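*Asks:* Let me begin by handing over the structure; questions about it come next.
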Amino acid sequence: MKKNILSALAVLAIHFTLTLLGPNNLFAHCDGMDGPVISAAKNALDTGDINLVLFWVQKKDEAELKKAFQKTLAVRKINPEAKELADIYFFETLVRIHRAGEGEPYTGIKSAGRDLGPAIPAADKAIIDGKLEPLYKILTDKIHEGLHEKFKEVMKKKDFKKNDVGAGREFVEAYVPFVHYVEVLYDAAAKAGGHGHSQEAEKGSEHKH
């Protein structure tokens, strides 16, 4: 029973994390010099095999990427300096096309070693290792932490005297973040179930606190 609850919480955590991150932060992972997109590009250039990176762009963009690939291969043969410039040109072209395909703007190549927080590296490691349990733990721990922290604040302030307006406002300041946190979790669970917003959630969204 406990395992089922943790699994359900993990699903909630994943969707909640995606909701909080938003598309810009998620796709920014692919902008990094040590990210999966540019890593694939390096392998493609070193082997001369465009197929090792072609899957990162949509079919309609294949021709543009292939053209850039051929230009890069030709220029990088000139000398080390030309190779470095040509590679950067290809990386920028690839990331720009990739992000455009996801409906996101190109904001430049990010340096390697950025702090991506615990979630993204853990997600990548789960795929590499084929083990999801460590990722479950990171996400469920974060949800537990958020719920307990916000719930504790509400419980500390809920028993205010009815004529104490100041204390009442302090309660509201704790109540609203807690309810919104729960609402986002529930909404993420509803979307994960393939049903989109429930009627209750939709009605609730019309009356935001």
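FYI, nothing fancy with the structure tokens labels: chains A, B, ... in order, residues from 1 per chain, ligands from 1 as they appear.
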Can you pull out every residue within 8 Å of segment 152-164 of chain A, counting only C-alpha atoms, but drop anything in the same chain fewer than 3 positions away, and send it as a ChimeraX atom specification?

*Replies:* /A:148-149,167-168,170-171,174-175,178

*Asks:* Need to verify the contact set: Asp49 of chain A, 12 Å, only C-alpha atoms, exclusion of same-chain residues closer than 3 positions in sequence. Can you return it as a VMD selection string?

*Replies:* chain A and resid 40 to 46 52 to 55 66 69 to 70 73

*Asks:* Dump all heavy atoms for the selected residues as a compact mmCIF listing (two decimals), in the first residue's frame?

*Replies:*
```txt
# COMPACT_ATOMS: atom_id res chain seq x y z
N ALA A 40 25.22 14.95 -28.73
CA ALA A 40 24.91 14.19 -29.94
C ALA A 40 25.57 14.84 -31.15
O ALA A 40 26.07 14.16 -32.06
CB ALA A 40 23.40 14.11 -30.14
N ALA A 41 25.60 16.18 -31.16
CA ALA A 41 26.22 16.91 -32.28
C ALA A 41 27.72 16.61 -32.36
O ALA A 41 28.28 16.44 -33.45
CB ALA A 41 25.99 18.41 -32.11
N LYS A 42 28.38 16.56 -31.21
CA LYS A 42 29.81 16.27 -31.18
C LYS A 42 30.09 14.87 -31.76
O LYS A 42 31.04 14.70 -32.53
CB LYS A 42 30.34 16.36 -29.75
CG LYS A 42 30.36 17.78 -29.20
CD LYS A 42 30.81 17.80 -27.74
CE LYS A 42 30.81 19.20 -27.16
NZ LYS A 42 31.20 19.21 -25.73
N ASN A 43 29.28 13.91 -31.37
CA ASN A 43 29.45 12.55 -31.89
C ASN A 43 29.23 12.51 -33.40
O ASN A 43 29.97 11.83 -34.13
CB ASN A 43 28.48 11.59 -31.20
CG ASN A 43 28.85 11.32 -29.76
OD1 ASN A 43 30.02 11.41 -29.40
ND2 ASN A 43 27.86 10.97 -28.95
N ALA A 44 28.23 13.25 -33.86
CA ALA A 44 27.92 13.28 -35.29
C ALA A 44 29.08 13.88 -36.09
O ALA A 44 29.48 13.34 -37.14
CB ALA A 44 26.64 14.07 -35.53
N LEU A 45 29.64 14.97 -35.61
CA LEU A 45 30.74 15.62 -36.31
C LEU A 45 32.01 14.77 -36.29
O LEU A 45 32.73 14.68 -37.29
CB LEU A 45 31.03 16.99 -35.68
CG LEU A 45 29.97 18.07 -35.90
CD1 LEU A 45 30.29 19.31 -35.07
CD2 LEU A 45 29.87 18.43 -37.38
N ASP A 46 32.28 14.13 -35.17
CA ASP A 46 33.49 13.31 -35.06
C ASP A 46 33.44 12.07 -35.94
O ASP A 46 34.48 11.59 -36.41
CB ASP A 46 33.72 12.90 -33.61
CG ASP A 46 34.15 14.07 -32.73
OD1 ASP A 46 34.60 15.09 -33.29
OD2 ASP A 46 34.03 13.95 -31.49
N LEU A 52 23.31 10.61 -36.20
CA LEU A 52 23.51 10.59 -34.76
C LEU A 52 22.94 11.81 -34.07
O LEU A 52 22.83 11.84 -32.83
CB LEU A 52 25.02 10.48 -34.44
CG LEU A 52 25.71 9.20 -34.92
CD1 LEU A 52 27.18 9.22 -34.54
CD2 LEU A 52 25.02 7.97 -34.34
N VAL A 53 22.57 12.82 -34.87
CA VAL A 53 22.01 14.03 -34.28
C VAL A 53 20.71 14.45 -34.96
O VAL A 53 19.96 15.27 -34.43
CB VAL A 53 23.05 15.19 -34.38
CG1 VAL A 53 23.19 15.68 -35.81
CG2 VAL A 53 22.68 16.34 -33.45
N LEU A 54 20.40 13.86 -36.08
CA LEU A 54 19.25 14.29 -36.89
C LEU A 54 17.93 14.14 -36.14
O LEU A 54 16.99 14.90 -36.37
CB LEU A 54 19.21 13.49 -38.19
CG LEU A 54 18.42 14.11 -39.36
CD1 LEU A 54 18.98 15.47 -39.73
CD2 LEU A 54 18.46 13.17 -40.57
N PHE A 55 17.85 13.18 -35.25
CA PHE A 55 16.58 12.94 -34.54
C PHE A 55 16.21 14.05 -33.56
O PHE A 55 15.08 14.09 -33.07
CB PHE A 55 16.64 11.60 -33.80
CG PHE A 55 17.75 11.49 -32.79
CD1 PHE A 55 17.56 11.92 -31.48
CD2 PHE A 55 18.98 10.95 -33.14
CE1 PHE A 55 18.58 11.83 -30.55
CE2 PHE A 55 20.00 10.85 -32.21
CZ PHE A 55 19.80 11.29 -30.92
N LYS A 66 21.12 19.35 -42.35
CA LYS A 66 22.07 18.62 -43.19
C LYS A 66 23.00 19.58 -43.94
O LYS A 66 24.20 19.32 -44.06
CB LYS A 66 21.31 17.74 -44.19
CG LYS A 66 20.66 16.51 -43.57
CD LYS A 66 19.91 15.70 -44.61
CE LYS A 66 19.30 14.45 -44.02
NZ LYS A 66 18.53 13.67 -45.03
N PHE A 69 25.48 20.87 -41.55
CA PHE A 69 26.40 19.78 -41.20
C PHE A 69 27.51 19.65 -42.25
O PHE A 69 28.70 19.55 -41.91
CB PHE A 69 25.61 18.47 -41.08
CG PHE A 69 26.41 17.31 -40.56
CD1 PHE A 69 26.79 17.26 -39.23
CD2 PHE A 69 26.75 16.26 -41.39
CE1 PHE A 69 27.51 16.16 -38.75
CE2 PHE A 69 27.47 15.17 -40.93
CZ PHE A 69 27.85 15.12 -39.58
N GLN A 70 27.12 19.67 -43.51
CA GLN A 70 28.10 19.55 -44.58
C GLN A 70 29.07 20.74 -44.60
O GLN A 70 30.27 20.58 -44.81
CB GLN A 70 27.39 19.41 -45.93
CG GLN A 70 26.62 18.11 -46.10
CD GLN A 70 27.50 16.89 -45.89
OE1 GLN A 70 28.65 16.85 -46.33
NE2 GLN A 70 26.97 15.88 -45.23
N LEU A 73 31.54 20.23 -41.70
CA LEU A 73 32.54 19.21 -41.98
C LEU A 73 33.63 19.73 -42.91
O LEU A 73 34.82 19.42 -42.74
CB LEU A 73 31.88 17.98 -42.60
CG LEU A 73 31.00 17.13 -41.67
CD1 LEU A 73 30.41 15.96 -42.45
CD2 LEU A 73 31.78 16.63 -40.47
```

*Asks:* I'd like the neighbourhood of Pro118 of chain A as a list in words, where a residue qualifies if any of its atoms comes within 12 Å (using only C-alpha atoms), though same-chain residues fewer than 5 positions away should be ignored.

*Replies:*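 The filter keeps Thr17, Ala123, Asp124, Lys125, Pro134, Leu135, Lys137, Ile138, Leu139, Asp141 and Lys142 of chain A.
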
*Asks:* Set the distance at 8 Å and use only C-alpha atoms: which residues neighbour Tyr89 of chain A once local chain neighbours fewer than 4 positions away are removed? I'd like the list as a list in words.

*Replies:*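 Once the adjacent positions are removed, what remains is Thr72, Leu85 and Thr93 of chain A.
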
*Asks:* Skipping near chain neighbours, those fewer than 5 positions away, what residues fall within 9 Å of Ser111 of chain A using only C-alpha atoms, listed as a PyMOL selection string?

*Replies:* chain A and resi 31-34

*Asks:* Between atom CA of Val179 of chain A and atom CA of Gly166 of chain A, what distance in Å does the model show, to one decimal?

*Replies:*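 These two atoms are separated by 20.2 Å.
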
*Asks:* With DSSP run on the backbone, what are the alpha helix (DSSP H) residues within segment 81-208 of chain A? I'd like them as number ranges by chain.

*Replies:* A: 81-101, 119-129, 133-157, 165-192, 199-205

*Asks:* Separation of atom CA of Ala119 of chain A and atom CA of Glu173 of chain A, in Å?

*Replies:*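 Computed distance, atom CA of Ala119 of chain A to atom CA of Glu173 of chain A, equals 28.7 Å.
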
*Asks:* So that I can check the surroundings of Val182 of chain A, please list as a list in words every protein, DNA and RNA residue that reaches within 12 Å of it, counting only C-alpha atoms and ignoring chain neighbours fewer than 3 positions away.

*Replies:*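 Here the answer would be Leu12, Ala13, Phe16, Ile143, His144, Gly146, Leu147, His148, Lys150, Phe151, Tyr175, Val176, Pro177, Phe178, Val179, Leu185, Tyr186, Asp187, Ala188, Ala189 and Ala201 of chain A.
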
*Asks:* So how far away is atom CA of Lys59 of chain A from atom CA of Glu104 of chain A, in Å?

*Replies:* 17.2 Å
